[in-house]
>>> print(open('upload_30.txt').read())   # compact mmCIF, C-alpha atoms
# COMPACT_ATOMS: atom_id res chain seq x y z
CA MET A 4 -2.70 -1.09 -38.68
CA ASN A 5 -5.91 -2.49 -37.14
CA LYS A 6 -7.11 -1.67 -33.62
CA THR A 7 -6.02 -5.04 -32.20
CA SER A 8 -2.45 -4.52 -33.44
CA GLU A 9 -2.39 -1.00 -31.97
CA ILE A 10 -3.50 -2.31 -28.57
CA ARG A 11 -0.81 -5.01 -28.61
CA GLN A 12 1.89 -2.42 -29.36
CA LYS A 13 1.02 -0.25 -26.34
CA LYS A 14 3.08 -0.50 -23.17
CA THR A 15 1.56 -2.39 -20.25
CA ALA A 16 1.32 -1.29 -16.62
CA LEU A 17 0.60 -3.71 -13.78
CA ILE A 18 -1.02 -1.98 -10.80
CA THR A 19 -1.77 -3.62 -7.47
CA GLY A 20 -4.43 -2.24 -5.15
CA ALA A 21 -6.09 -0.90 -8.30
CA ALA A 22 -9.70 -0.76 -7.15
CA SER A 23 -9.57 2.25 -4.85
CA GLY A 24 -7.56 5.19 -3.57
CA ILE A 25 -4.24 6.12 -5.16
CA GLY A 26 -4.21 2.84 -7.09
CA TYR A 27 -7.49 3.56 -8.83
CA GLN A 28 -6.39 7.11 -9.68
CA LEU A 29 -3.17 5.71 -11.18
CA THR A 30 -5.22 3.22 -13.15
CA GLN A 31 -7.12 6.10 -14.76
CA ILE A 32 -3.94 8.07 -15.47
CA PHE A 33 -2.18 5.15 -17.15
CA ALA A 34 -5.33 4.44 -19.18
CA ARG A 35 -5.49 8.06 -20.36
CA HIS A 36 -1.87 7.73 -21.46
CA SER A 37 -2.80 4.67 -23.55
CA TYR A 38 -1.21 1.97 -21.41
CA ASN A 39 -2.68 -1.50 -21.44
CA LEU A 40 -3.50 -2.50 -17.87
CA VAL A 41 -3.05 -5.52 -15.65
CA LEU A 42 -4.99 -4.80 -12.47
CA VAL A 43 -4.74 -6.64 -9.17
CA ASP A 44 -7.12 -6.22 -6.23
CA LYS A 45 -9.27 -8.23 -3.83
CA ASN A 46 -12.35 -6.25 -4.92
CA GLU A 47 -13.52 -8.32 -7.89
CA GLN A 48 -16.69 -6.28 -8.36
CA LYS A 49 -14.75 -3.04 -8.83
CA LEU A 50 -12.27 -4.74 -11.18
CA ASN A 51 -15.17 -5.98 -13.30
CA GLU A 52 -16.56 -2.44 -13.48
CA ILE A 53 -13.19 -1.23 -14.75
CA ILE A 54 -12.91 -3.96 -17.37
CA ASP A 55 -16.46 -3.16 -18.55
CA GLU A 56 -15.63 0.54 -19.00
CA PHE A 57 -11.94 1.11 -19.76
CA PRO A 58 -11.27 -0.94 -22.94
CA GLN A 59 -13.92 0.88 -24.94
CA LYS A 60 -13.38 4.28 -23.31
CA PHE A 61 -9.59 4.35 -23.71
CA GLY A 62 -8.96 1.84 -26.51
CA ILE A 63 -6.76 -0.35 -24.32
CA PHE A 64 -6.51 -3.97 -23.21
CA VAL A 65 -7.34 -4.69 -19.56
CA LYS A 66 -6.64 -7.93 -17.70
CA ILE A 67 -7.76 -8.35 -14.10
CA PHE A 68 -6.62 -10.55 -11.21
CA ALA A 69 -8.98 -10.74 -8.24
CA LYS A 70 -6.15 -11.78 -5.94
CA ASP A 71 -5.40 -11.36 -2.25
CA LEU A 72 -1.73 -10.44 -1.97
CA SER A 73 -1.66 -11.56 1.66
CA ILE A 74 -1.67 -15.10 0.23
CA PRO A 75 1.99 -15.97 -0.44
CA THR A 76 1.32 -17.78 -3.74
CA SER A 77 -0.47 -14.84 -5.39
CA PRO A 78 2.55 -13.04 -6.94
CA LYS A 79 3.86 -16.17 -8.66
CA GLU A 80 0.37 -17.05 -9.90
CA ILE A 81 0.02 -13.61 -11.48
CA PHE A 82 3.48 -13.76 -13.06
CA THR A 83 2.97 -17.27 -14.45
CA GLU A 84 -0.40 -16.49 -16.00
CA LEU A 85 0.98 -13.36 -17.68
CA GLN A 86 3.93 -15.33 -19.04
CA GLN A 87 1.61 -17.98 -20.43
CA ALA A 88 -0.46 -15.24 -22.10
CA SER A 89 2.73 -13.57 -23.49
CA ILE A 90 1.85 -10.31 -21.72
CA LYS A 91 4.99 -8.27 -21.03
CA VAL A 92 4.91 -5.79 -18.15
CA ASP A 93 6.72 -2.50 -18.82
CA VAL A 94 5.65 -0.67 -15.64
CA LEU A 95 5.10 -2.29 -12.25
CA VAL A 96 3.17 -0.29 -9.65
CA ASN A 97 3.33 -1.90 -6.19
CA ASN A 98 0.55 0.12 -4.60
CA ALA A 99 -1.33 -2.49 -2.53
CA GLY A 100 -0.93 -2.05 1.19
CA PHE A 101 -2.80 -1.40 4.41
CA GLY A 102 -2.27 -0.42 8.03
CA THR A 103 -3.56 -1.30 11.46
CA TYR A 104 -3.91 0.91 14.50
CA GLY A 105 -3.31 0.39 18.21
CA ALA A 106 -0.69 -0.52 20.78
CA PHE A 107 1.40 -3.46 19.61
CA THR A 108 0.45 -5.54 22.67
CA GLU A 109 -3.21 -5.20 21.72
CA THR A 110 -3.28 -5.45 17.92
CA ASP A 111 -4.16 -8.64 16.10
CA LEU A 112 -1.17 -10.77 15.11
CA ASN A 113 -2.84 -12.39 12.09
CA THR A 114 -3.71 -8.97 10.69
CA GLU A 115 -0.12 -7.82 11.13
CA LEU A 116 1.27 -10.94 9.49
CA LYS A 117 -1.02 -10.31 6.51
CA MET A 118 0.18 -6.71 6.45
CA LEU A 119 3.80 -7.82 6.36
CA GLN A 120 2.95 -10.17 3.50
CA VAL A 121 1.19 -7.47 1.45
CA ASN A 122 3.32 -4.42 2.28
CA ILE A 123 6.73 -6.12 2.16
CA VAL A 124 6.82 -9.70 0.92
CA SER A 125 4.45 -9.51 -2.06
CA LEU A 126 5.95 -6.17 -3.11
CA THR A 127 9.43 -7.71 -3.05
CA HIS A 128 8.24 -10.91 -4.74
CA LEU A 129 6.55 -9.08 -7.63
CA THR A 130 9.58 -6.84 -8.09
CA LYS A 131 11.90 -9.84 -8.20
CA LEU A 132 9.72 -11.66 -10.75
CA PHE A 133 9.26 -8.80 -13.22
CA LEU A 134 12.57 -6.97 -12.86
CA LYS A 135 14.76 -9.45 -14.74
CA ASP A 136 12.71 -9.13 -17.93
CA MET A 137 12.84 -5.35 -17.65
CA VAL A 138 16.63 -5.40 -17.38
CA GLU A 139 16.91 -7.79 -20.32
CA GLN A 140 14.83 -5.47 -22.53
CA ASN A 141 16.72 -2.37 -21.27
CA TYR A 142 13.48 -0.68 -20.30
CA GLY A 143 11.13 -0.68 -17.35
CA LYS A 144 9.73 1.42 -14.53
CA ILE A 145 8.81 0.42 -11.00
CA LEU A 146 6.73 2.55 -8.67
CA ASN A 147 6.65 1.40 -5.05
CA VAL A 148 4.18 3.14 -2.79
CA ALA A 149 5.63 3.74 0.66
CA SER A 150 4.54 6.62 2.93
CA ALA A 151 5.86 9.64 4.78
CA ALA A 152 5.69 7.15 7.67
CA ALA A 153 8.85 5.59 6.22
CA PHE A 154 11.03 8.35 7.67
CA GLN A 155 10.34 7.77 11.37
CA PRO A 156 9.12 5.23 13.96
CA GLY A 157 5.35 5.12 14.46
CA PRO A 158 4.00 4.34 17.91
CA LEU A 159 0.41 3.00 17.73
CA MET A 160 1.13 1.94 14.13
CA ALA A 161 4.50 0.31 14.79
CA VAL A 162 4.35 -2.48 12.23
CA TYR A 163 2.85 -0.32 9.46
CA PHE A 164 5.52 2.37 9.81
CA ALA A 165 8.22 -0.31 9.81
CA THR A 166 6.87 -1.85 6.59
CA LYS A 167 7.02 1.50 4.84
CA ALA A 168 10.59 2.08 6.06
CA TYR A 169 11.45 -1.20 4.36
CA VAL A 170 9.81 -0.11 1.10
CA LEU A 171 11.76 3.15 1.09
CA SER A 172 15.11 1.53 1.87
CA PHE A 173 14.58 -1.35 -0.57
CA SER A 174 13.53 0.99 -3.39
CA GLU A 175 16.47 3.36 -2.95
CA ALA A 176 18.92 0.45 -2.89
CA ILE A 177 17.70 -1.25 -6.07
CA ALA A 178 17.37 2.12 -7.81
CA ASN A 179 21.10 2.51 -7.27
CA GLU A 180 21.82 -1.04 -8.47
CA LEU A 181 19.83 -0.44 -11.66
CA GLU A 182 21.61 2.72 -12.78
CA GLY A 183 22.56 2.40 -16.44
CA THR A 184 20.19 -0.51 -17.15
CA GLY A 185 17.30 1.51 -18.59
CA VAL A 186 15.14 0.53 -15.60
CA SER A 187 14.15 3.11 -13.00
CA VAL A 188 12.68 2.72 -9.50
CA THR A 189 10.56 5.41 -7.90
CA VAL A 190 9.28 5.29 -4.32
CA LEU A 191 6.25 7.40 -3.45
CA CYS A 192 6.00 8.67 0.14
CA PRO A 193 2.67 10.48 0.55
CA GLY A 194 1.59 12.06 3.82
CA PRO A 195 -1.96 11.72 5.17
CA THR A 196 -4.23 11.27 2.14
CA ALA A 197 -8.02 11.36 2.01
CA SER A 198 -8.90 7.74 1.22
CA GLU A 199 -10.28 4.53 2.73
CA PHE A 200 -6.96 3.94 4.51
CA GLN A 201 -8.05 5.47 7.83
CA GLN A 202 -11.21 3.40 7.95
CA THR A 203 -9.41 0.18 7.00
CA ALA A 204 -6.82 0.80 9.72
CA ALA A 205 -9.60 1.57 12.27
CA MET A 206 -8.01 4.89 13.12
CA GLU A 207 -10.83 7.31 12.23
CA ASN A 208 -10.83 8.76 15.76
CA SER A 209 -7.10 9.47 15.92
CA LYS A 210 -5.76 13.02 15.77
CA ILE A 211 -3.90 12.41 12.50
CA ALA A 212 -7.10 11.22 10.79
CA SER A 213 -8.82 14.51 11.62
CA VAL A 214 -6.32 16.64 9.69
CA LYS A 215 -8.49 18.92 7.56
CA ARG A 216 -6.08 19.59 4.71
CA MET A 217 -5.22 16.09 3.57
CA MET A 218 -4.09 15.73 -0.02
CA ASP A 219 -6.56 13.95 -2.27
CA THR A 220 -5.72 10.71 -4.03
CA ALA A 221 -6.03 12.21 -7.53
CA THR A 222 -3.38 14.86 -6.78
CA VAL A 223 -1.01 12.32 -5.22
CA ALA A 224 -1.43 10.01 -8.21
CA LYS A 225 -0.67 12.79 -10.70
CA ILE A 226 2.51 13.69 -8.83
CA ALA A 227 3.46 10.00 -8.68
CA TYR A 228 2.97 9.49 -12.43
CA ARG A 229 4.93 12.61 -13.42
CA SER A 230 7.77 11.67 -11.08
CA LEU A 231 7.83 8.09 -12.37
CA MET A 232 8.10 9.31 -15.96
CA LYS A 233 10.99 11.61 -14.93
CA ASN A 234 12.79 8.68 -13.25
CA LYS A 235 12.84 10.38 -9.85
CA THR A 236 13.81 8.09 -7.00
CA VAL A 237 12.15 9.45 -3.83
CA VAL A 238 8.94 11.46 -4.15
CA VAL A 239 7.22 13.16 -1.20
CA PRO A 240 4.08 14.96 -2.44
CA GLY A 241 3.30 18.32 -0.83
CA MET A 242 5.65 20.95 0.55
CA THR A 243 4.59 20.39 4.18
CA ASN A 244 5.26 16.68 3.88
CA LYS A 245 8.65 17.37 2.27
CA ILE A 246 9.66 19.69 5.11
CA LEU A 247 8.53 17.24 7.78
CA SER A 248 10.30 14.29 6.16
CA GLU A 249 13.55 16.26 5.98
CA SER A 250 13.25 17.73 9.48
CA VAL A 251 13.28 14.32 11.18
CA ARG A 252 16.86 13.85 9.99
CA PHE A 253 18.00 16.70 12.25
CA THR A 254 15.74 16.00 15.24
CA PRO A 255 16.58 13.62 18.09
CA ARG A 256 14.96 10.25 17.42
CA ASN A 257 13.30 10.04 20.83
CA LEU A 258 11.65 13.42 20.26
CA VAL A 259 10.45 12.44 16.79
CA THR A 260 8.95 9.25 18.23
CA LYS A 261 7.13 11.19 20.96
CA VAL A 262 5.70 13.66 18.45
CA VAL A 263 4.46 10.86 16.17
CA ARG A 264 2.89 9.14 19.19
CA SER A 265 1.06 12.36 20.10
CA MET A 266 -0.24 12.77 16.54
CA HIS A 267 -1.63 9.23 16.50
CA GLU A 268 -3.35 9.24 19.87
CA LEU A 269 -7.12 9.27 20.01
CA LYS A 270 -8.88 12.62 20.08
CA LYS A 271 -10.13 13.59 23.52
CA ASN A 272 -13.87 13.99 23.90
CA ARG A 273 -14.82 17.46 24.98
>>> encode(input="upload_30.txt", output="structure tokens")
Amino acid sequence: MNKTSEIRQKKTALITGAASGIGYQLTQIFARHSYNLVLVDKNEQKLNEIIDEFPQKFGIFVKIFAKDLSIPTSPKEIFTELQQASIKVDVLVNNAGFGTYGAFTETDLNTELKMLQVNIVSLTHLTKLFLKDMVEQNYGKILNVASAAAFQPGPLMAVYFATKAYVLSFSEAIANELEGTGVSVTVLCPGPTASEFQQTAAMENSKIASVKRMMDTATVAKIAYRSLMKNKTVVVPGMTNKILSESVRFTPRNLVTKVVRSMHELKKNR
């Protein structure tokens, strides 16, 4: 069997938000496990660096889409082009997402509408498009990246927390629907993670962003990949995060909301 035939026989993973953070770490993990890659991100320069390095380094095929998932037509454009190229997606990783920080009366509406499009609508759209083929072939895996934020309301990040609650609920529901089909759905709910997220959300001066023992993206990605391969449904990396996510179930909602608000307030200058 020649090298081209071997590459075509490998499974293919589509990863959104692939240029940085958890998405980039997952890109490396899937490549090391000999998956062909379809990578989606706004950062075309970083995608080009990956496509220059990964095929030769890992012996895989890499296709890139420099797409902005806040544009409603992007998911269908990606799906259509892959269909036309006869590229079948075996694993879908909906990792792209971002947050914004501040009181809801003061935050920018256009930014929040884009966030809703990326965090909820595009994730749902891509899942809808690729899931039917997975069910028909009796095999497929979907990894949706939510957050520990999904388990409680989030004052000062109200819309972001709500988007992640959607991702968690949606993922658990379709995971149940897909039992017995050969397709699994895993939802990743990491706590604060050392990445570009805090800077993108303009929350570097908040108390939560100053947590010293944040998990690193490589560790979170490893846990996510192992859990995905084991068909786990809900994954909360880190024992502290697990305890906190469970504790909110037994704590009055108004108290949980007040605690989250306190954690997200700006640090006081001394």
>>> residues_around(input="upload_30.txt", residues="A:Asn234", least_positions_apart="3", cutoff="9 Å", atoms="only C-alpha atoms", output="ChimeraX atom specification")
/A:144,186-189,229-231
>>> residues_around(input="upload_30.txt", residues="stretch 28-35 of chain A", least_positions_apart="2", cutoff="9 Å", atoms="all atoms listed in the file", output="CSV table (one decimal) with C-alpha atoms, keeping the file's coordinate frame")
chain,number,residue,atom,x,y,z
A,15,THR,CA,1.6,-2.4,-20.2
A,16,ALA,CA,1.3,-1.3,-16.6
A,18,ILE,CA,-1.0,-2.0,-10.8
A,21,ALA,CA,-6.1,-0.9,-8.3
A,22,ALA,CA,-9.7,-0.8,-7.2
A,23,SER,CA,-9.6,2.2,-4.8
A,24,GLY,CA,-7.6,5.2,-3.6
A,25,ILE,CA,-4.2,6.1,-5.2
A,26,GLY,CA,-4.2,2.8,-7.1
A,37,SER,CA,-2.8,4.7,-23.6
A,38,TYR,CA,-1.2,2.0,-21.4
A,39,ASN,CA,-2.7,-1.5,-21.4
A,40,LEU,CA,-3.5,-2.5,-17.9
A,42,LEU,CA,-5.0,-4.8,-12.5
A,57,PHE,CA,-11.9,1.1,-19.8
A,58,PRO,CA,-11.3,-0.9,-22.9
A,61,PHE,CA,-9.6,4.4,-23.7
A,62,GLY,CA,-9.0,1.8,-26.5
A,63,ILE,CA,-6.8,-0.4,-24.3
A,96,VAL,CA,3.2,-0.3,-9.6
A,220,THR,CA,-5.7,10.7,-4.0
A,221,ALA,CA,-6.0,12.2,-7.5
A,222,THR,CA,-3.4,14.9,-6.8
A,223,VAL,CA,-1.0,12.3,-5.2
A,224,ALA,CA,-1.4,10.0,-8.2
A,225,LYS,CA,-0.7,12.8,-10.7
A,227,ALA,CA,3.5,10.0,-8.7
A,228,TYR,CA,3.0,9.5,-12.4
>>> atom_distance(input="upload_30.txt", atom1="atom CA of A:Asp71", atom2="atom CA of A:Thr166")
17.9 Å
>>> closest_residue(input="upload_30.txt", among="A:Phe173, A:Pro156, A:Gln12, A:Leu181", to="A:Asn141", atoms="all atoms listed in the file")
A:Leu181
>>> atom_distance(input="upload_30.txt", atom1="atom CA of A:Thr19", atom2="atom CA of A:Leu146")
10.6 Å
>>> closest_residue(input="upload_30.txt", among="A:Leu134, A:Asp93, A:Val162, A:Glu80", to="A:Leu116", atoms="only C-alpha atoms")
A:Val162
>>> atom_distance(input="upload_30.txt", atom1="atom CA of A:Val170", atom2="atom CA of A:Ala99")
12.0 Å
>>> residues_around(input="upload_30.txt", residues="A:Tyr163", least_positions_apart="6", cutoff="12 Å", atoms="all atoms listed in the file", output="number ranges by chain")
A: 100-107, 110, 114-123, 149-153, 155-157, 169-170, 200, 204
>>> write_last_selection(input="upload_30.txt", atoms="C-alpha atoms", output="PDB file, in the frame of the given file")
ATOM      1  CA  GLY A 100      -0.930  -2.050   1.190  1.00  0.00           C
ATOM      2  CA  PHE A 101      -2.800  -1.400   4.410  1.00  0.00           C
ATOM      3  CA  GLY A 102      -2.270  -0.420   8.030  1.00  0.00           C
ATOM      4  CA  THR A 103      -3.560  -1.300  11.460  1.00  0.00           C
ATOM      5  CA  TYR A 104      -3.910   0.910  14.500  1.00  0.00           C
ATOM      6  CA  GLY A 105      -3.310   0.390  18.210  1.00  0.00           C
ATOM      7  CA  ALA A 106      -0.690  -0.520  20.780  1.00  0.00           C
ATOM      8  CA  PHE A 107       1.400  -3.460  19.610  1.00  0.00           C
ATOM      9  CA  THR A 110      -3.280  -5.450  17.920  1.00  0.00           C
ATOM     10  CA  THR A 114      -3.710  -8.970  10.690  1.00  0.00           C
ATOM     11  CA  GLU A 115      -0.120  -7.820  11.130  1.00  0.00           C
ATOM     12  CA  LEU A 116       1.270 -10.940   9.490  1.00  0.00           C
ATOM     13  CA  LYS A 117      -1.020 -10.310   6.510  1.00  0.00           C
ATOM     14  CA  MET A 118       0.180  -6.710   6.450  1.00  0.00           C
ATOM     15  CA  LEU A 119       3.800  -7.820   6.360  1.00  0.00           C
ATOM     16  CA  GLN A 120       2.950 -10.170   3.500  1.00  0.00           C
ATOM     17  CA  VAL A 121       1.190  -7.470   1.450  1.00  0.00           C
ATOM     18  CA  ASN A 122       3.320  -4.420   2.280  1.00  0.00           C
ATOM     19  CA  ILE A 123       6.730  -6.120   2.160  1.00  0.00           C
ATOM     20  CA  ALA A 149       5.630   3.740   0.660  1.00  0.00           C
ATOM     21  CA  SER A 150       4.540   6.620   2.930  1.00  0.00           C
ATOM     22  CA  ALA A 151       5.860   9.640   4.780  1.00  0.00           C
ATOM     23  CA  ALA A 152       5.690   7.150   7.670  1.00  0.00           C
ATOM     24  CA  ALA A 153       8.850   5.590   6.220  1.00  0.00           C
ATOM     25  CA  GLN A 155      10.340   7.770  11.370  1.00  0.00           C
ATOM     26  CA  PRO A 156       9.120   5.230  13.960  1.00  0.00           C
ATOM     27  CA  GLY A 157       5.350   5.120  14.460  1.00  0.00           C
ATOM     28  CA  TYR A 169      11.450  -1.200   4.360  1.00  0.00           C
ATOM     29  CA  VAL A 170       9.810  -0.110   1.100  1.00  0.00           C
ATOM     30  CA  PHE A 200      -6.960   3.940   4.510  1.00  0.00           C
ATOM     31  CA  ALA A 204      -6.820   0.800   9.720  1.00  0.00           C
TER      32      ALA A 204
END
>>> residues_around(input="upload_30.txt", residues="A:Val148", least_positions_apart="2", cutoff="7 Å", atoms="all atoms listed in the file", output="number ranges by chain")
A: 97-98, 146, 150, 190-192
>>> residues_around(input="upload_30.txt", residues="A:Lys131", least_positions_apart="2", cutoff="12 Å", atoms="all atoms listed in the file", output="ChimeraX atom specification")
/A:78-79,82,95,97,124-129,133-138,145,173-174,177
>>> closest_residue(input="upload_30.txt", among="A:Ile74, A:Leu17, A:Leu247, A:Leu171", to="A:Val94", atoms="all atoms listed in the file")
A:Leu17
>>> closest_residue(input="upload_30.txt", among="A:Thr83, A:Asn46, A:Ser250, A:Asn179", to="A:Lys70", atoms="all atoms listed in the file")
A:Asn46
